[in-house]
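Undergrad: See structure07.pdb below, with PDB, C-alpha atoms.
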ATOM      1  CA  MET A   1      23.714  12.584 -38.259
ATOM      2  CA  GLU A   2      20.757  10.214 -38.217
ATOM      3  CA  LYS A   3      23.011   7.222 -37.528
ATOM      4  CA  ARG A   4      24.720   9.146 -34.740
ATOM      5  CA  ALA A   5      21.322  10.036 -33.216
ATOM      6  CA  VAL A   6      20.189   6.404 -33.409
ATOM      7  CA  ARG A   7      23.406   5.250 -31.716
ATOM      8  CA  PHE A   8      22.967   7.906 -29.037
ATOM      9  CA  ARG A   9      19.386   6.789 -28.318
ATOM     10  CA  LEU A  10      20.519   3.154 -28.289
ATOM     11  CA  GLY A  11      23.255   4.060 -25.817
ATOM     12  CA  GLU A  12      20.754   5.858 -23.580
ATOM     13  CA  THR A  13      18.477   2.830 -23.682
ATOM     14  CA  LEU A  14      21.292   0.483 -22.693
ATOM     15  CA  VAL A  15      22.374   2.764 -19.850
ATOM     16  CA  PHE A  16      18.905   2.755 -18.309
ATOM     17  CA  LEU A  17      17.832  -0.798 -19.174
ATOM     18  CA  GLY A  18      21.214  -2.462 -18.694
ATOM     19  CA  PRO A  19      21.109  -2.717 -14.866
ATOM     20  CA  LEU A  20      17.508  -3.934 -15.017
ATOM     21  CA  LEU A  21      18.384  -6.616 -17.570
ATOM     22  CA  ILE A  22      21.378  -7.754 -15.503
ATOM     23  CA  PHE A  23      19.169  -7.945 -12.397
ATOM     24  CA  LEU A  24      16.507  -9.978 -14.238
ATOM     25  CA  ILE A  25      19.098 -12.327 -15.728
ATOM     26  CA  VAL A  26      20.680 -12.977 -12.321
ATOM     27  CA  LEU A  27      17.288 -13.309 -10.579
ATOM     28  CA  TYR A  28      15.692 -15.715 -13.018
ATOM     29  CA  GLY A  29      18.990 -17.445 -13.691
ATOM     30  CA  MET A  30      19.263 -18.311  -9.998
ATOM     31  CA  LEU A  31      15.623 -19.394  -9.966
ATOM     32  CA  LEU A  32      16.200 -21.772 -12.893
ATOM     33  CA  TRP A  33      19.371 -23.043 -11.208
ATOM     34  CA  THR A  34      17.428 -23.749  -7.976
ATOM     35  CA  ILE A  35      14.768 -25.658  -9.916
ATOM     36  CA  TYR A  36      17.478 -27.666 -11.696
ATOM     37  CA  VAL A  37      19.207 -28.540  -8.392
ATOM     38  CA  SER A  38      15.866 -29.634  -6.870
ATOM     39  CA  PHE A  39      15.658 -32.380  -9.517
ATOM     40  CA  SER A  40      19.235 -33.531  -8.931
ATOM     41  CA  ASP A  41      20.568 -36.049  -6.399
ATOM     42  CA  TRP A  42      22.702 -33.556  -4.471
ATOM     43  CA  SER A  43      22.881 -34.841  -0.899
ATOM     44  CA  GLY A  44      26.170 -34.168   0.808
ATOM     45  CA  THR A  45      28.918 -31.588   0.706
ATOM     46  CA  ALA A  46      30.071 -32.576  -2.784
ATOM     47  CA  PRO A  47      27.864 -31.439  -5.702
ATOM     48  CA  ASN A  48      25.974 -34.208  -7.464
ATOM     49  CA  PHE A  49      23.927 -33.137 -10.451
ATOM     50  CA  ARG A  50      22.729 -36.601 -11.462
ATOM     51  CA  PHE A  51      19.052 -36.368 -12.386
ATOM     52  CA  ALA A  52      16.798 -37.811  -9.647
ATOM     53  CA  GLY A  53      13.386 -36.780 -10.924
ATOM     54  CA  LEU A  54      10.775 -36.085  -8.265
ATOM     55  CA  LYS A  55      12.641 -38.046  -5.585
ATOM     56  CA  TRP A  56      13.056 -35.123  -3.189
ATOM     57  CA  TYR A  57       9.589 -33.718  -3.795
ATOM     58  CA  GLN A  58       8.099 -37.138  -2.963
ATOM     59  CA  LEU A  59      10.193 -37.264   0.196
ATOM     60  CA  MET A  60       9.136 -33.722   1.066
ATOM     61  CA  VAL A  61       5.369 -34.237   0.799
ATOM     62  CA  GLY A  62       5.666 -37.458   2.769
ATOM     63  CA  LEU A  63       7.094 -35.631   5.788
ATOM     64  CA  ASP A  64       4.747 -34.461   8.527
ATOM     65  CA  ARG A  65       7.137 -31.576   9.132
ATOM     66  CA  PHE A  66       6.487 -30.214   5.626
ATOM     67  CA  TRP A  67       2.728 -29.977   6.192
ATOM     68  CA  VAL A  68       3.263 -28.393   9.611
ATOM     69  CA  ASP A  69       5.438 -25.808   7.869
ATOM     70  CA  VAL A  70       2.819 -25.113   5.205
ATOM     71  CA  ARG A  71       0.146 -24.686   7.874
ATOM     72  CA  ASN A  72       2.381 -22.361   9.864
ATOM     73  CA  ASN A  73       3.182 -20.277   6.790
ATOM     74  CA  LEU A  74      -0.548 -19.876   6.121
ATOM     75  CA  ARG A  75      -1.012 -18.798   9.746
ATOM     76  CA  TRP A  76       1.660 -16.181   9.288
ATOM     77  CA  LEU A  77      -0.006 -14.939   6.101
ATOM     78  CA  LEU A  78      -3.406 -14.501   7.725
ATOM     79  CA  LEU A  79      -2.639 -13.664  11.353
ATOM     80  CA  GLY A  80       0.433 -11.611  10.577
ATOM     81  CA  VAL A  81      -1.111  -9.375   7.920
ATOM     82  CA  ILE A  82      -4.754  -8.790   8.885
ATOM     83  CA  PRO A  83      -4.249  -7.725  12.558
ATOM     84  CA  THR A  84      -1.293  -5.519  11.595
ATOM     85  CA  VAL A  85      -3.340  -3.640   8.991
ATOM     86  CA  VAL A  86      -6.431  -3.293  11.221
ATOM     87  CA  ILE A  87      -4.531  -2.092  14.315
ATOM     88  CA  ALA A  88      -2.397   0.263  12.219
ATOM     89  CA  LEU A  89      -5.512   1.722  10.598
ATOM     90  CA  PHE A  90      -7.060   2.600  13.949
ATOM     91  CA  ILE A  91      -3.801   3.983  15.386
ATOM     92  CA  ALA A  92      -3.184   6.121  12.294
ATOM     93  CA  TYR A  93      -6.723   7.475  12.453
ATOM     94  CA  LEU A  94      -6.487   8.214  16.182
ATOM     95  CA  LEU A  95      -3.255  10.115  15.590
ATOM     96  CA  GLU A  96      -4.912  12.142  12.847
ATOM     97  CA  ILE A  97      -7.895  13.160  14.989
ATOM     98  CA  SER A  98      -5.972  13.553  18.258
ATOM     99  CA  PRO A  99      -6.895  16.841  19.949
ATOM    100  CA  ILE A 100      -3.566  16.986  21.810
ATOM    101  CA  ARG A 101      -1.031  18.924  19.775
ATOM    102  CA  GLY A 102       2.375  17.288  19.581
ATOM    103  CA  ILE A 103       1.269  13.805  20.694
ATOM    104  CA  GLU A 104       1.597  12.455  17.167
ATOM    105  CA  GLY A 105       5.347  13.042  17.075
ATOM    106  CA  TYR A 106       5.946  11.188  20.355
ATOM    107  CA  VAL A 107       3.693   8.249  19.480
ATOM    108  CA  ARG A 108       5.159   7.964  15.982
ATOM    109  CA  THR A 109       8.678   7.893  17.412
ATOM    110  CA  LEU A 110       7.649   5.275  19.974
ATOM    111  CA  ILE A 111       6.048   2.907  17.476
ATOM    112  CA  LEU A 112       8.862   3.367  14.941
ATOM    113  CA  TYR A 113      11.567   2.147  17.332
ATOM    114  CA  PRO A 114      10.849  -1.558  16.600
ATOM    115  CA  VAL A 115      11.150  -0.941  12.844
ATOM    116  CA  ALA A 116      14.712   0.311  13.339
ATOM    117  CA  MET A 117      15.763  -2.906  15.092
ATOM    118  CA  SER A 118      16.826  -6.056  13.298
ATOM    119  CA  PHE A 119      14.861  -9.255  13.814
ATOM    120  CA  ILE A 120      17.894 -10.691  15.625
ATOM    121  CA  VAL A 121      17.699  -8.000  18.304
ATOM    122  CA  THR A 122      13.907  -8.170  18.417
ATOM    123  CA  GLY A 123      13.925 -11.947  18.753
ATOM    124  CA  THR A 124      16.477 -11.822  21.568
ATOM    125  CA  ILE A 125      14.484  -9.234  23.513
ATOM    126  CA  TRP A 126      11.229 -11.132  23.160
ATOM    127  CA  SER A 127      12.931 -14.407  24.107
ATOM    128  CA  TRP A 128      13.751 -12.826  27.469
ATOM    129  CA  MET A 129      10.188 -11.566  27.795
ATOM    130  CA  TYR A 130       8.667 -14.952  26.953
ATOM    131  CA  GLN A 131      10.689 -17.068  29.413
ATOM    132  CA  PRO A 132       8.177 -18.931  31.617
ATOM    133  CA  ASP A 133      10.129 -18.694  34.885
ATOM    134  CA  LYS A 134      12.040 -15.417  34.887
ATOM    135  CA  GLY A 135      10.617 -13.755  31.812
ATOM    136  CA  VAL A 136       9.476 -10.134  31.947
ATOM    137  CA  LEU A 137       5.808 -10.811  31.203
ATOM    138  CA  ASN A 138       5.266 -13.600  33.724
ATOM    139  CA  THR A 139       7.259 -11.675  36.354
ATOM    140  CA  ILE A 140       4.983  -8.660  35.922
ATOM    141  CA  PHE A 141       1.851 -10.821  36.080
ATOM    142  CA  ARG A 142       3.030 -12.505  39.286
ATOM    143  CA  ALA A 143       3.976  -9.168  40.852
ATOM    144  CA  LEU A 144       0.454  -7.891  40.124
ATOM    145  CA  ARG A 145      -0.997 -11.156  41.459
ATOM    146  CA  LEU A 146      -2.454 -11.962  38.050
ATOM    147  CA  ASP A 147      -1.150 -15.516  38.028
ATOM    148  CA  PHE A 148      -4.005 -16.637  35.774
ATOM    149  CA  LEU A 149      -2.400 -14.596  32.970
ATOM    150  CA  THR A 150       0.953 -16.374  33.184
ATOM    151  CA  SER A 151       1.739 -18.631  30.272
ATOM    152  CA  ASN A 152       4.380 -20.930  28.817
ATOM    153  CA  PHE A 153       4.303 -18.734  25.693
ATOM    154  CA  VAL A 154       6.628 -20.217  23.047
ATOM    155  CA  ASN A 155       7.209 -23.372  25.097
ATOM    156  CA  ASP A 156       3.644 -24.491  24.392
ATOM    157  CA  PRO A 157       3.448 -26.177  20.946
ATOM    158  CA  LYS A 158      -0.230 -25.224  20.561
ATOM    159  CA  THR A 159       0.274 -21.465  20.930
ATOM    160  CA  ALA A 160       3.970 -20.923  20.185
ATOM    161  CA  THR A 161       3.441 -19.809  16.576
ATOM    162  CA  LEU A 162       0.811 -17.286  17.677
ATOM    163  CA  TRP A 163       3.251 -15.700  20.126
ATOM    164  CA  LEU A 164       5.858 -15.459  17.366
ATOM    165  CA  ILE A 165       3.323 -13.679  15.158
ATOM    166  CA  VAL A 166       2.793 -11.155  17.989
ATOM    167  CA  ILE A 167       6.490 -10.230  17.626
ATOM    168  CA  PHE A 168       6.022  -9.694  13.884
ATOM    169  CA  ILE A 169       2.993  -7.445  14.463
ATOM    170  CA  TRP A 170       4.892  -5.440  17.084
ATOM    171  CA  GLN A 171       7.837  -4.857  14.745
ATOM    172  CA  TYR A 172       5.854  -3.949  11.608
ATOM    173  CA  LEU A 173       3.105  -1.896  13.267
ATOM    174  CA  GLY A 174       4.957   1.430  13.104
ATOM    175  CA  PHE A 175       5.851   0.849   9.459
ATOM    176  CA  ALA A 176       2.178   0.182   8.667
ATOM    177  CA  VAL A 177       1.013   3.276  10.554
ATOM    178  CA  ILE A 178       3.373   5.546   8.596
ATOM    179  CA  ILE A 179       2.191   4.195   5.238
ATOM    180  CA  LEU A 180      -1.475   4.623   6.171
ATOM    181  CA  GLN A 181      -0.946   8.110   7.602
ATOM    182  CA  SER A 182       0.719   9.195   4.386
ATOM    183  CA  SER A 183      -2.347   7.915   2.512
ATOM    184  CA  PHE A 184      -4.633  10.023   4.732
ATOM    185  CA  ARG A 185      -2.914  13.280   3.895
ATOM    186  CA  THR A 186      -4.049  13.945   0.358
ATOM    187  CA  THR A 187      -5.803  17.232  -0.317
ATOM    188  CA  GLU A 188      -8.827  15.534  -1.854
ATOM    189  CA  LEU A 189      -9.325  13.189   1.100
ATOM    190  CA  GLN A 190      -8.912  15.997   3.635
ATOM    191  CA  GLU A 191     -11.620  17.986   1.865
ATOM    192  CA  MET A 192     -13.947  14.956   1.933
ATOM    193  CA  ILE A 193     -13.299  14.472   5.675
ATOM    194  CA  GLU A 194     -14.069  18.148   6.349
ATOM    195  CA  ALA A 195     -17.292  17.907   4.332
ATOM    196  CA  ALA A 196     -18.382  14.775   6.201
ATOM    197  CA  THR A 197     -17.588  16.440   9.535
ATOM    198  CA  VAL A 198     -19.681  19.482   8.623
ATOM    199  CA  ASP A 199     -22.555  17.141   7.685
ATOM    200  CA  GLY A 200     -22.411  15.665  11.190
ATOM    201  CA  ALA A 201     -20.924  12.232  10.371
ATOM    202  CA  SER A 202     -19.484  10.328  13.347
ATOM    203  CA  LYS A 203     -15.771   9.555  13.607
ATOM    204  CA  LEU A 204     -16.293   5.850  12.893
ATOM    205  CA  ARG A 205     -18.503   6.566   9.896
ATOM    206  CA  ILE A 206     -15.874   8.927   8.498
ATOM    207  CA  LEU A 207     -13.266   6.198   8.946
ATOM    208  CA  PHE A 208     -15.197   3.384   7.249
ATOM    209  CA  ASP A 209     -17.272   5.315   4.695
ATOM    210  CA  VAL A 210     -14.858   8.067   3.683
ATOM    211  CA  ILE A 211     -11.267   7.200   4.549
ATOM    212  CA  VAL A 212     -11.014   3.443   3.912
ATOM    213  CA  PRO A 213     -12.531   3.538   0.376
ATOM    214  CA  ASN A 214     -10.181   6.375  -0.580
ATOM    215  CA  ILE A 215      -6.880   4.959   0.679
ATOM    216  CA  ARG A 216      -7.074   1.670  -1.200
ATOM    217  CA  SER A 217      -3.771   2.320  -2.989
ATOM    218  CA  GLY A 218      -1.983   2.668   0.372
ATOM    219  CA  LEU A 219      -3.755  -0.408   1.732
ATOM    220  CA  LEU A 220      -2.848  -2.460  -1.332
ATOM    221  CA  ILE A 221       0.816  -1.486  -1.093
ATOM    222  CA  LEU A 222       0.895  -2.199   2.646
ATOM    223  CA  VAL A 223      -0.780  -5.601   2.339
ATOM    224  CA  SER A 224       1.559  -6.589  -0.517
ATOM    225  CA  LEU A 225       4.648  -5.701   1.523
ATOM    226  CA  LEU A 226       3.368  -7.523   4.606
ATOM    227  CA  LEU A 227       2.508 -10.634   2.572
ATOM    228  CA  ILE A 228       6.046 -10.765   1.221
ATOM    229  CA  SER A 229       7.493 -10.241   4.712
ATOM    230  CA  THR A 230       5.459 -13.083   6.227
ATOM    231  CA  LEU A 231       6.350 -15.465   3.389
ATOM    232  CA  LYS A 232      10.086 -15.026   3.977
ATOM    233  CA  VAL A 233       9.941 -15.054   7.796
ATOM    234  CA  PHE A 234      12.986 -16.810   9.217
ATOM    235  CA  ASP A 235      14.839 -14.679  11.767
ATOM    236  CA  ILE A 236      12.166 -14.698  14.481
ATOM    237  CA  VAL A 237      11.774 -18.476  14.327
ATOM    238  CA  TYR A 238      15.539 -19.023  14.301
ATOM    239  CA  ILE A 239      16.247 -16.778  17.305
ATOM    240  CA  VAL A 240      13.234 -17.389  19.552
ATOM    241  CA  THR A 241      12.359 -21.079  19.141
ATOM    242  CA  PHE A 242      14.698 -22.624  16.528
ATOM    243  CA  GLY A 243      11.580 -24.276  15.143
ATOM    244  CA  GLY A 244      10.576 -25.843  18.448
ATOM    245  CA  PRO A 245       9.143 -27.235  20.579
ATOM    246  CA  GLY A 246       9.873 -30.115  18.226
ATOM    247  CA  TYR A 247       9.049 -28.536  14.881
ATOM    248  CA  SER A 248       5.751 -26.952  15.951
ATOM    249  CA  THR A 249       6.875 -23.406  15.001
ATOM    250  CA  ASP A 250       8.834 -24.441  11.931
ATOM    251  CA  VAL A 251       8.279 -22.595   8.637
ATOM    252  CA  LEU A 252       9.366 -23.466   5.114
ATOM    253  CA  ALA A 253      12.287 -21.022   5.063
ATOM    254  CA  PHE A 254      13.670 -22.437   8.313
ATOM    255  CA  PHE A 255      13.215 -26.042   7.103
ATOM    256  CA  MET A 256      15.105 -25.070   3.929
ATOM    257  CA  PHE A 257      17.962 -23.750   6.075
ATOM    258  CA  ILE A 258      18.086 -26.944   8.167
ATOM    259  CA  ALA A 259      17.896 -29.259   5.138
ATOM    260  CA  THR A 260      20.576 -27.378   3.195
ATOM    261  CA  PHE A 261      23.166 -26.363   5.775
ATOM    262  CA  GLN A 262      22.757 -28.845   8.624
ATOM    263  CA  GLN A 263      21.524 -32.028   6.957
ATOM    264  CA  HIS A 264      23.361 -31.234   3.687
ATOM    265  CA  LEU A 265      20.341 -32.312   1.639
ATOM    266  CA  VAL A 266      20.928 -29.565  -0.901
ATOM    267  CA  ALA A 267      18.420 -30.870  -3.436
ATOM    268  CA  LEU A 268      15.725 -31.035  -0.748
ATOM    269  CA  GLY A 269      16.551 -27.471   0.315
ATOM    270  CA  ALA A 270      16.295 -26.341  -3.305
ATOM    271  CA  GLY A 271      12.923 -28.084  -3.580
ATOM    272  CA  LEU A 272      11.689 -26.232  -0.506
ATOM    273  CA  GLY A 273      12.891 -22.992  -2.094
ATOM    274  CA  VAL A 274      10.821 -23.807  -5.175
ATOM    275  CA  ILE A 275       7.765 -24.434  -2.987
ATOM    276  CA  ILE A 276       8.246 -21.065  -1.269
ATOM    277  CA  PHE A 277       8.457 -19.409  -4.691
ATOM    278  CA  LEU A 278       5.259 -21.138  -5.835
ATOM    279  CA  ILE A 279       3.388 -20.030  -2.711
ATOM    280  CA  ALA A 280       4.623 -16.475  -3.263
ATOM    281  CA  PHE A 281       3.544 -16.682  -6.897
ATOM    282  CA  ILE A 282       0.098 -18.005  -5.981
ATOM    283  CA  VAL A 283      -0.476 -15.473  -3.191
ATOM    284  CA  VAL A 284       1.371 -12.311  -4.193
ATOM    285  CA  ILE A 285       1.175 -12.198  -8.005
ATOM    286  CA  PRO A 286      -2.639 -12.420  -8.317
ATOM    287  CA  TYR A 287      -2.965  -9.899  -5.491
ATOM    288  CA  THR A 288      -0.529  -7.559  -7.251
ATOM    289  CA  LEU A 289      -2.469  -7.811 -10.513
ATOM    290  CA  TYR A 290      -5.685  -7.087  -8.630
ATOM    291  CA  ALA A 291      -3.990  -4.148  -6.910
ATOM    292  CA  PHE A 292      -2.884  -2.578 -10.191
ATOM    293  CA  GLN A 293      -6.303  -3.153 -11.719
ATOM    294  CA  ARG A 294      -8.031  -1.402  -8.824
ATOM    295  CA  TRP A 295      -5.361   1.288  -8.659
ATOM    296  CA  PHE A 296      -5.832   2.416 -12.248
ATOM    297  CA  GLU A 297      -9.619   2.221 -12.362
TER     298      GLU A 297
END
Represent the supplied structure as structure tokens.

TA:
Amino acid sequence: MEKRAVRFRLGETLVFLGPLLIFLIVLYGMLLWTIYVSFSDWSGTAPNFRFAGLKWYQLMVGLDRFWVDVRNNLRWLLLGVIPTVVIALFIAYLLEISPIRGIEGYVRTLILYPVAMSFIVTGTIWSWMYQPDKGVLNTIFRALRLDFLTSNFVNDPKTATLWLIVIFIWQYLGFAVIILQSSFRTTELQEMIEAATVDGASKLRILFDVIVPNIRSGLLILVSLLLISTLKVFDIVYIVTFGGPGYSTDVLAFFMFIATFQQHLVALGAGLGVIIFLIAFIVVIPYTLYAFQRWFE
């Protein structure tokens, strides 16, 4: 009976842990394979696994395009995450304190529409809006005789990346609002808000002194998800600018795509994949550890 019970518990363990183990083996197996390929001399359509050392990494860091990509990825990390969280926080709070009954449902539906669209559709729509001559935005500005607001948008290398980040913020804003609103609606926090209101605290003071310190778990989850999303950004760049003008809006994921599938420099593409992983490890893993530490305090 004891042996049968042990076998039964072992079987239960394998049933629950088996899929996880398979996932981890495939995930880290592919990671190790990518690292191995990055040290090979695979350049062309035919595989070539001859060891080439740091050849492709040396080529990579010697390219101006690589450093432009790194700078752009850092822009996405900062300017894509921080404004999204701040704007979402204010919108979520305004929806919570809105005196107009029923407005929350309409606004939530409106801001959730972009989340339901793929980046391909979003990028196409915003490409039409950003066109300098016949684009929606410049047409509206000219019709209102606000010509000083017209812009070249993504055709200007100096500001193109910033306009792409605007698209990211627009698409993820509704997602961020929903996460933050769900964090607001705990019984304990609602009681604290009511107590602060009775004590005569202003709306802004309630937001910054009561709500923000007590929704840190929601904020940590939201920031983690947004960081991951900005690190793997590809679709918007591909659809709207294709990395241009020149390679001013290029990011590491897009460079990896070009190197691997258009230039057939597979080892270089694998090396770029390793760099993306290292950036994710440096940025996301320490933040995740900090999040769990704060979460379970």

Undergrad: What's the separation between atom CA of A:Gly44 and atom CA of A:Val240, in Å to one decimal place?

TA: 28.3 Å

Undergrad: What lies within 8 Å of A:Pro132 using only C-alpha atoms, ignoring chain neighbours under 2 positions off, as an NGL selection string?

TA: :A and (130 or 134-135 or 138 or 150-153 or 155)

Undergrad: Could you write out that same residue set with C-alpha atoms as a short mmCIF file (atom, residue, chain, number, x, y, z; two decimals), in the coordinates of the input?

TA:
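Saved as again_32.cif:
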data_model
loop_
_atom_site.label_atom_id
_atom_site.label_comp_id
_atom_site.auth_asym_id
_atom_site.auth_seq_id
_atom_site.Cartn_x
_atom_site.Cartn_y
_atom_site.Cartn_z
CA TYR A 130 8.67 -14.95 26.95
CA LYS A 134 12.04 -15.42 34.89
CA GLY A 135 10.62 -13.76 31.81
CA ASN A 138 5.27 -13.60 33.72
CA THR A 150 0.95 -16.37 33.18
CA SER A 151 1.74 -18.63 30.27
CA ASN A 152 4.38 -20.93 28.82
CA PHE A 153 4.30 -18.73 25.69
CA ASN A 155 7.21 -23.37 25.10
#

Undergrad: Within 8 Å of (13.7, -8.3, 12.4), in the coordinates the file gives, what residues turn up when you count only C-alpha atoms, written out as a ChimeraX atom specification?

TA: /A:115,117-123,168,171,235-236

Undergrad: May I have the protein, DNA and RNA residues with an atom at most 9 Å from (13.8, -24.4, 8.1), counting all atoms listed in the file in the file's coordinates, returned as a PDB file with C-alpha atoms, in the frame of the given file?

TA:
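The result, stored in part.pdb:
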ATOM      1  CA  ASP A  69       5.438 -25.808   7.869  1.00  0.00           C
ATOM      2  CA  PHE A 234      12.986 -16.810   9.217  1.00  0.00           C
ATOM      3  CA  VAL A 237      11.774 -18.476  14.327  1.00  0.00           C
ATOM      4  CA  TYR A 238      15.539 -19.023  14.301  1.00  0.00           C
ATOM      5  CA  PHE A 242      14.698 -22.624  16.528  1.00  0.00           C
ATOM      6  CA  GLY A 243      11.580 -24.276  15.143  1.00  0.00           C
ATOM      7  CA  ASP A 250       8.834 -24.441  11.931  1.00  0.00           C
ATOM      8  CA  VAL A 251       8.279 -22.595   8.637  1.00  0.00           C
ATOM      9  CA  LEU A 252       9.366 -23.466   5.114  1.00  0.00           C
ATOM     10  CA  ALA A 253      12.287 -21.022   5.063  1.00  0.00           C
ATOM     11  CA  PHE A 254      13.670 -22.437   8.313  1.00  0.00           C
ATOM     12  CA  PHE A 255      13.215 -26.042   7.103  1.00  0.00           C
ATOM     13  CA  MET A 256      15.105 -25.070   3.929  1.00  0.00           C
ATOM     14  CA  PHE A 257      17.962 -23.750   6.075  1.00  0.00           C
ATOM     15  CA  ILE A 258      18.086 -26.944   8.167  1.00  0.00           C
ATOM     16  CA  ALA A 259      17.896 -29.259   5.138  1.00  0.00           C
ATOM     17  CA  THR A 260      20.576 -27.378   3.195  1.00  0.00           C
ATOM     18  CA  GLY A 269      16.551 -27.471   0.315  1.00  0.00           C
TER      19      GLY A 269
END

Undergrad: Pick the closest to A:Pro47 from A:Arg108, A:Arg75, A:Lys232, A:His264: which is it, counting all atoms listed in the file?

TA: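 Looking only at the distances to A:Pro47, the closest residue turns out to be A:His264.
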
Undergrad: Which residue is closest to A:Trp42? Choose from A:Met30, A:Val283, A:Ala270, A:Leu89 and count only C-alpha atoms.

TA: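 Among the listed residues, the smallest separation from A:Trp42 belongs to A:Ala270.
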
Undergrad: Go ahead and compute the interatomic distance for atom CA of A:Phe281 and atom CA of A:Leu268, in Å to one decimal.

TA: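 Rounded to one decimal, the two atoms are 19.8 Å apart.
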
Undergrad: Given the file shown, determine the residues that the PyMOL selection byres ((chain A and resi 70) around 10) selects; report them as a ChimeraX atom specification.

TA: /A:65-69,71-76,250-252,275-276,279

Undergrad: So how far away is atom CA of A:Leu164 from atom CA of A:Leu226, in Å?

TA: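 Distance between the two atoms: 15.2 Å.
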
Undergrad: Using only C-alpha atoms, which of the listed residues (A:Pro83, A:Pro19, A:Gly244, A:Gly200) sits closest to A:Thr159?

TA: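 Closest residue, counting only C-alpha atoms: A:Gly244.
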
Undergrad: A:Leu78, A:Ala92, A:Leu289, A:Gly174: which is nearest A:Tyr113, counting only C-alpha atoms?

TA: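 Of the candidates, the smallest distance to A:Tyr113 is held by A:Gly174.
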
Undergrad: Tell me which protein, DNA and RNA residues are within 7 Å of stretch 181-184 of chain A, counting only C-alpha atoms, leaving out same-chain ones fewer than 4 positions away, and put them as a ChimeraX atom specification.

TA: /A:92,177,189,215,218
